[in-house]
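Source file: upload_1.pdb; contents: PDB, C-alpha atoms.
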```pdb
ATOM      1  CA  MET A   3       3.578 -29.129  11.386
ATOM      2  CA  ILE A   4       0.472 -27.213  10.393
ATOM      3  CA  LYS A   5       0.291 -26.362   6.692
ATOM      4  CA  THR A   6      -0.581 -22.708   6.198
ATOM      5  CA  PRO A   7      -2.036 -21.307   2.968
ATOM      6  CA  ARG A   8       0.422 -19.196   1.048
ATOM      7  CA  ILE A   9      -1.681 -16.053   1.365
ATOM      8  CA  LEU A  10      -1.657 -16.277   5.152
ATOM      9  CA  MET A  11       2.087 -16.849   5.214
ATOM     10  CA  ALA A  12       2.655 -13.925   2.856
ATOM     11  CA  THR A  13       0.384 -11.691   4.930
ATOM     12  CA  ALA A  14       2.173 -12.615   8.135
ATOM     13  CA  LEU A  15       5.558 -12.012   6.516
ATOM     14  CA  ILE A  16       4.503  -8.670   5.061
ATOM     15  CA  THR A  17       3.033  -7.611   8.388
ATOM     16  CA  ALA A  18       6.150  -8.589  10.288
ATOM     17  CA  LEU A  19       8.457  -6.916   7.784
ATOM     18  CA  SER A  20       6.400  -3.737   7.553
ATOM     19  CA  GLY A  21       6.275  -3.442  11.328
ATOM     20  CA  ALA A  22      10.010  -4.018  11.649
ATOM     21  CA  THR A  23      10.785  -1.610   8.829
ATOM     22  CA  LEU A  24       8.635   1.111  10.302
ATOM     23  CA  ALA A  25      10.072   0.568  13.739
ATOM     24  CA  LEU A  26      13.563   1.066  12.371
ATOM     25  CA  ALA A  27      12.957   3.788   9.827
ATOM     26  CA  ASP A  28      10.026   5.800  11.231
ATOM     27  CA  HIS A  29       9.555   7.387   7.809
ATOM     28  CA  HIS A  30       6.048   8.497   8.651
ATOM     29  CA  GLY A  31       6.862   9.831  12.101
ATOM     30  CA  GLY A  32       6.697  13.351  13.415
ATOM     31  CA  GLY A  33      10.382  13.983  12.781
ATOM     32  CA  ASP A  34      11.162  14.574  16.444
ATOM     33  CA  GLY A  35      14.292  12.458  16.161
ATOM     34  CA  ASP A  36      13.426   9.928  18.851
ATOM     35  CA  ARG A  37      12.998   7.185  16.235
ATOM     36  CA  GLN A  38      10.378   5.372  18.265
ATOM     37  CA  PHE A  39       7.548   3.495  16.628
ATOM     38  CA  HIS A  40       4.249   4.297  18.280
ATOM     39  CA  GLY A  41       2.049   1.677  16.674
ATOM     40  CA  PRO A  42       0.750   0.949  13.222
ATOM     41  CA  LYS A  43       0.025   3.714  10.773
ATOM     42  CA  PRO A  44      -3.319   3.738   9.016
ATOM     43  CA  TYR A  45      -3.304   1.446   5.976
ATOM     44  CA  HIS A  46      -3.905   4.270   3.514
ATOM     45  CA  GLN A  47      -0.663   5.975   4.585
ATOM     46  CA  PHE A  48       1.302   3.105   3.053
ATOM     47  CA  HIS A  49      -0.392   3.529  -0.288
ATOM     48  CA  HIS A  50       1.816   6.274  -1.690
ATOM     49  CA  GLY A  51      -0.921   7.587  -3.956
ATOM     50  CA  GLY A  52      -3.121   8.307  -0.969
ATOM     51  CA  PRO A  53      -6.874   8.304  -1.228
ATOM     52  CA  MET A  54      -8.326   8.853  -4.656
ATOM     53  CA  HIS A  55      -9.777  12.325  -5.039
ATOM     54  CA  ALA A  56     -11.726  13.151  -8.161
ATOM     55  CA  GLU A  57     -10.117  16.562  -8.572
ATOM     56  CA  ARG A  58      -6.602  15.189  -8.197
ATOM     57  CA  TRP A  59      -7.260  12.275 -10.561
ATOM     58  CA  LEU A  60      -8.836  14.518 -13.159
ATOM     59  CA  GLY A  61      -6.133  17.158 -12.739
ATOM     60  CA  ARG A  62      -3.326  14.658 -13.240
ATOM     61  CA  LEU A  63      -4.826  12.586 -16.002
ATOM     62  CA  GLY A  64      -7.685  14.614 -17.481
ATOM     63  CA  ASP A  65      -5.534  16.597 -19.877
ATOM     64  CA  LYS A  66      -3.190  13.731 -20.702
ATOM     65  CA  LEU A  67      -6.157  11.553 -21.677
ATOM     66  CA  ALA A  68      -8.012  14.410 -23.405
ATOM     67  CA  LEU A  69     -11.193  13.741 -21.439
ATOM     68  CA  THR A  70     -14.410  15.417 -22.506
ATOM     69  CA  GLU A  71     -16.416  17.442 -19.998
ATOM     70  CA  GLU A  72     -19.001  14.642 -19.899
ATOM     71  CA  GLN A  73     -16.290  12.062 -19.123
ATOM     72  CA  LYS A  74     -14.870  14.295 -16.384
ATOM     73  CA  ALA A  75     -18.319  14.638 -14.813
ATOM     74  CA  ASP A  76     -18.915  10.869 -14.992
ATOM     75  CA  ILE A  77     -15.526  10.069 -13.453
ATOM     76  CA  LYS A  78     -16.028  12.640 -10.696
ATOM     77  CA  THR A  79     -19.395  11.008  -9.899
ATOM     78  CA  ILE A  80     -17.785   7.542  -9.762
ATOM     79  CA  ILE A  81     -14.952   8.622  -7.490
ATOM     80  CA  ASP A  82     -17.045  10.815  -5.222
ATOM     81  CA  GLY A  83     -19.780   8.162  -5.034
ATOM     82  CA  GLY A  84     -17.410   5.676  -3.446
ATOM     83  CA  LYS A  85     -15.932   8.013  -0.804
ATOM     84  CA  ASP A  86     -18.049   6.812   2.121
ATOM     85  CA  GLU A  87     -17.499   3.134   1.366
ATOM     86  CA  ARG A  88     -13.777   3.717   0.812
ATOM     87  CA  LYS A  89     -13.534   5.597   4.122
ATOM     88  CA  ALA A  90     -15.304   2.768   5.987
ATOM     89  CA  LEU A  91     -13.054   0.169   4.360
ATOM     90  CA  LYS A  92      -9.930   2.157   5.293
ATOM     91  CA  GLU A  93     -11.072   2.465   8.875
ATOM     92  CA  ALA A  94     -11.754  -1.288   9.024
ATOM     93  CA  ALA A  95      -8.303  -2.024   7.565
ATOM     94  CA  ASP A  96      -6.681   0.353  10.064
ATOM     95  CA  LYS A  97      -8.471  -1.240  13.028
ATOM     96  CA  ALA A  98      -7.664  -4.766  11.848
ATOM     97  CA  ARG A  99      -4.007  -3.884  11.345
ATOM     98  CA  GLU A 100      -3.848  -2.255  14.780
ATOM     99  CA  ALA A 101      -5.397  -5.330  16.419
ATOM    100  CA  GLU A 102      -2.889  -7.537  14.613
ATOM    101  CA  PHE A 103      -0.019  -5.272  15.653
ATOM    102  CA  ASN A 104      -1.125  -5.300  19.288
ATOM    103  CA  ALA A 105      -1.470  -9.092  19.269
ATOM    104  CA  ILE A 106       2.013  -9.526  17.809
ATOM    105  CA  HIS A 107       3.587  -7.257  20.394
ATOM    106  CA  GLY A 108       1.451  -8.747  23.151
ATOM    107  CA  ARG A 109       2.797 -12.162  22.171
ATOM    108  CA  GLU A 110      -0.674 -13.631  21.774
ATOM    109  CA  GLY A 111      -1.161 -17.289  20.945
ATOM    110  CA  GLU A 112      -1.046 -18.813  17.480
ATOM    111  CA  ARG A 113      -4.825 -19.138  17.144
ATOM    112  CA  THR A 114      -5.359 -15.448  17.968
ATOM    113  CA  LEU A 115      -2.577 -14.331  15.633
ATOM    114  CA  ARG A 116      -3.955 -16.416  12.771
ATOM    115  CA  LYS A 117      -7.455 -15.063  13.319
ATOM    116  CA  LEU A 118      -6.251 -11.449  13.416
ATOM    117  CA  ALA A 119      -3.912 -11.918  10.433
ATOM    118  CA  ARG A 120      -6.830 -13.286   8.387
ATOM    119  CA  ALA A 121      -9.067 -10.405   9.446
ATOM    120  CA  SER A 122      -6.329  -7.887   8.593
ATOM    121  CA  ALA A 123      -5.675  -9.493   5.208
ATOM    122  CA  ASP A 124      -9.405  -9.637   4.441
ATOM    123  CA  ALA A 125      -9.805  -5.954   5.302
ATOM    124  CA  ARG A 126      -6.919  -4.987   3.006
ATOM    125  CA  VAL A 127      -8.315  -7.167   0.218
ATOM    126  CA  ASP A 128     -11.735  -5.529   0.616
ATOM    127  CA  LEU A 129     -10.076  -2.134   0.231
ATOM    128  CA  MET A 130      -8.176  -3.312  -2.845
ATOM    129  CA  LEU A 131     -11.309  -4.765  -4.411
ATOM    130  CA  HIS A 132     -13.119  -1.476  -3.894
ATOM    131  CA  GLY A 133     -10.274   0.257  -5.739
ATOM    132  CA  PHE A 134     -10.396  -2.300  -8.548
ATOM    133  CA  ASP A 135     -14.152  -1.812  -8.873
ATOM    134  CA  THR A 136     -13.675   1.956  -9.092
ATOM    135  CA  GLU A 137     -11.035   1.485 -11.782
ATOM    136  CA  LYS A 138     -13.354  -0.811 -13.777
ATOM    137  CA  ARG A 139     -16.155   1.731 -13.604
ATOM    138  CA  ILE A 140     -13.831   4.529 -14.747
ATOM    139  CA  ASP A 141     -12.514   2.274 -17.512
ATOM    140  CA  LYS A 142     -16.031   1.996 -18.943
ATOM    141  CA  VAL A 143     -16.182   5.793 -19.315
ATOM    142  CA  LEU A 144     -12.958   5.907 -21.369
ATOM    143  CA  THR A 145     -12.590   5.367 -25.092
ATOM    144  CA  ASP A 146     -10.340   2.624 -26.476
ATOM    145  CA  GLU A 147      -7.631   5.204 -27.229
ATOM    146  CA  GLN A 148      -7.848   6.653 -23.726
ATOM    147  CA  ARG A 149      -7.653   3.169 -22.177
ATOM    148  CA  ALA A 150      -4.566   2.431 -24.268
ATOM    149  CA  LYS A 151      -2.961   5.731 -23.222
ATOM    150  CA  LEU A 152      -3.792   5.075 -19.557
ATOM    151  CA  ALA A 153      -2.337   1.552 -19.781
ATOM    152  CA  GLU A 154       0.831   2.997 -21.328
ATOM    153  CA  MET A 155       1.083   5.585 -18.546
ATOM    154  CA  LYS A 156       0.628   2.870 -15.911
ATOM    155  CA  ALA A 157       3.312   0.717 -17.545
ATOM    156  CA  GLU A 158       5.726   3.667 -17.557
ATOM    157  CA  ARG A 159       4.965   4.352 -13.901
ATOM    158  CA  MET A 160       5.524   0.692 -13.003
ATOM    159  CA  ALA A 161       8.859   0.741 -14.841
ATOM    160  CA  ARG A 162       9.929   3.855 -12.894
ATOM    161  CA  MET A 163       8.857   2.213  -9.640
ATOM    162  CA  GLN A 164      10.799  -0.944 -10.496
ATOM    163  CA  GLU A 165      13.887   1.116 -11.328
ATOM    164  CA  HIS A 166      13.561   2.978  -8.020
ATOM    165  CA  ARG A 167      13.134  -0.336  -6.165
ATOM    166  CA  GLU A 168      16.253  -1.783  -7.814
ATOM    167  CA  LYS A 169      18.300   1.304  -6.953
ATOM    168  CA  ARG A 170      17.121   1.140  -3.343
ATOM    169  CA  GLN A 171      18.013  -2.567  -3.149
ATOM    170  CA  GLU A 172      21.456  -1.841  -4.596
ATOM    171  CA  ARG A 173      22.050   0.886  -1.983
ATOM    172  CA  MET A 174      20.962  -1.493   0.772
ATOM    173  CA  LYS A 175      23.276  -4.178  -0.579
ATOM    174  CA  GLU A 176      26.189  -1.722  -0.640
ATOM    175  CA  LYS A 177      25.499  -0.700   2.968
ATOM    176  CA  MET A 178      25.427  -4.336   4.063
ATOM    177  CA  GLU A 179      28.722  -5.016   2.271
ATOM    178  CA  GLN A 180      30.297  -1.992   3.951
ATOM    179  CA  ARG A 181      29.216  -3.291   7.350
ATOM    180  CA  GLN A 182      30.686  -6.718   6.620
ATOM    181  CA  GLN A 183      34.125  -5.596   5.444
ATOM    182  CA  PRO A 184      36.984  -7.833   6.679
ATOM    183  CA  GLY A 185      38.459  -5.128   8.970
ATOM    184  CA  ASP A 186      35.176  -4.933  10.864
ATOM    185  CA  ALA A 187      34.872  -8.665  11.567
ATOM    186  CA  ALA A 188      35.430  -9.938  15.096
ATOM    187  CA  PRO A 189      38.511 -12.210  15.542
TER
END
```
Take the structure I supplied and represent it as structure tokens, if you would.
Amino acid sequence: MIKTPRILMATALITALSGATLALADHHGGGDGDRQFHGPKPYHQFHHGGPMHAERWLGRLGDKLALTEEQKADIKTIIDGGKDERKALKEAADKAREAEFNAIHGREGERTLRKLARASADARVDLMLHGFDTEKRIDKVLTDEQRAKLAEMKAERMARMQEHREKRQERMKEKMEQRQQPGDAAP
């Protein structure tokens, strides 16, 4: 048996699960009711926050953090300065994910799947690292108090997301239990 690094296994699992989930749910579809999955969605569509726009970021957080006009200008420069690189990274992630998707559904060989899964994971990591770099650069513009407030806001958001995730898991569990009720079992 070939030993696979954990990151590759996790990437393959996430890819398989996300493809299966989208195929079943079609949450991002056109709403035409046919419930067919027509291939992978661009990577940035799965990031619920969407692409970072300076105006949106400043509009949401500028007042809450009490940013000065100079800070707003600096942050806008940081965010806008990374747009082209971010766009290129998103396109690379989309293409890599599409190639991986096509290989999975084309039942390609193990070597090809591993190569494409690595390329897809690397492209997503590159996109994440770009986002982390942007956050670090913005962090340098903030005061200690603003950083603390932003960290608090992030923690609150993570708690809300975790609560939402737990509720969703509970609903899924209830649906599964309803499907497995004794009266529904085959003799």
Open item on the list: Between atom CA of A:Ala98 and atom CA of A:Ala121, what distance in Å does the model show, to one decimal?
Closed with: 6.3 Å
Quick one: apply the PyMOL selection byres ((chain A and resi 78) around 9) to the file and drop the selected residues here as a JSON list (two decimals) with C-alpha atoms, keeping the file's coordinate frame.
```json
[["chain", "number", "residue", "atom", "x", "y", "z"],
["A", 55, "HIS", "CA", -9.78, 12.32, -5.04],
["A", 56, "ALA", "CA", -11.73, 13.15, -8.16],
["A", 57, "GLU", "CA", -10.12, 16.56, -8.57],
["A", 59, "TRP", "CA", -7.26, 12.28, -10.56],
["A", 60, "LEU", "CA", -8.84, 14.52, -13.16],
["A", 73, "GLN", "CA", -16.29, 12.06, -19.12],
["A", 74, "LYS", "CA", -14.87, 14.30, -16.38],
["A", 75, "ALA", "CA", -18.32, 14.64, -14.81],
["A", 76, "ASP", "CA", -18.92, 10.87, -14.99],
["A", 77, "ILE", "CA", -15.53, 10.07, -13.45],
["A", 79, "THR", "CA", -19.40, 11.01, -9.90],
["A", 80, "ILE", "CA", -17.78, 7.54, -9.76],
["A", 81, "ILE", "CA", -14.95, 8.62, -7.49],
["A", 82, "ASP", "CA", -17.05, 10.82, -5.22],
["A", 83, "GLY", "CA", -19.78, 8.16, -5.03]]
```
Open item on the list: For this structure, which residues satisfy the selection - the PyMOL selection byres ((chain A and resi 151) around 12) - when it is evaluated on the file as given? I want them as number ranges by chain.
Closed with: A: 63-69, 141, 144-150, 152-158
Selection export as a compact mmCIF listing (two decimals), keeping the file's coordinate frame, atoms kept: C-alpha atoms:
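Result file selection.txt:
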```
# COMPACT_ATOMS: atom_id res chain seq x y z
CA LEU A 63 -4.83 12.59 -16.00
CA GLY A 64 -7.68 14.61 -17.48
CA ASP A 65 -5.53 16.60 -19.88
CA LYS A 66 -3.19 13.73 -20.70
CA LEU A 67 -6.16 11.55 -21.68
CA ALA A 68 -8.01 14.41 -23.40
CA LEU A 69 -11.19 13.74 -21.44
CA ASP A 141 -12.51 2.27 -17.51
CA LEU A 144 -12.96 5.91 -21.37
CA THR A 145 -12.59 5.37 -25.09
CA ASP A 146 -10.34 2.62 -26.48
CA GLU A 147 -7.63 5.20 -27.23
CA GLN A 148 -7.85 6.65 -23.73
CA ARG A 149 -7.65 3.17 -22.18
CA ALA A 150 -4.57 2.43 -24.27
CA LEU A 152 -3.79 5.08 -19.56
CA ALA A 153 -2.34 1.55 -19.78
CA GLU A 154 0.83 3.00 -21.33
CA MET A 155 1.08 5.58 -18.55
CA LYS A 156 0.63 2.87 -15.91
CA ALA A 157 3.31 0.72 -17.55
CA GLU A 158 5.73 3.67 -17.56
```
TODO: Calculate how many Å separate atom CA of A:His132 from atom CA of A:Lys85, rounding to one decimal.
DONE: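 Atom CA of A:His132 sits 10.4 Å away from atom CA of A:Lys85.
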Task: Gap from atom CA of A:Ser122 to atom CA of A:Lys97 - Å, one decimal - done: 8.3 Å
Task: Expected answer as a PyMOL selection string: all residues with atoms within 12 Å of (-8.8, -8.3, 6.3), all atoms listed in the file - done: chain A and resi 9-10+13-14+45+91-102+116-131
TODO: Could you check which of A:Glu176, A:Gly111, A:Phe103, A:Val143 is closest to A:Glu71, using all atoms listed in the file?
DONE: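 Among A:Glu176, A:Gly111, A:Phe103, A:Val143, it is A:Val143 that comes nearest to A:Glu71.
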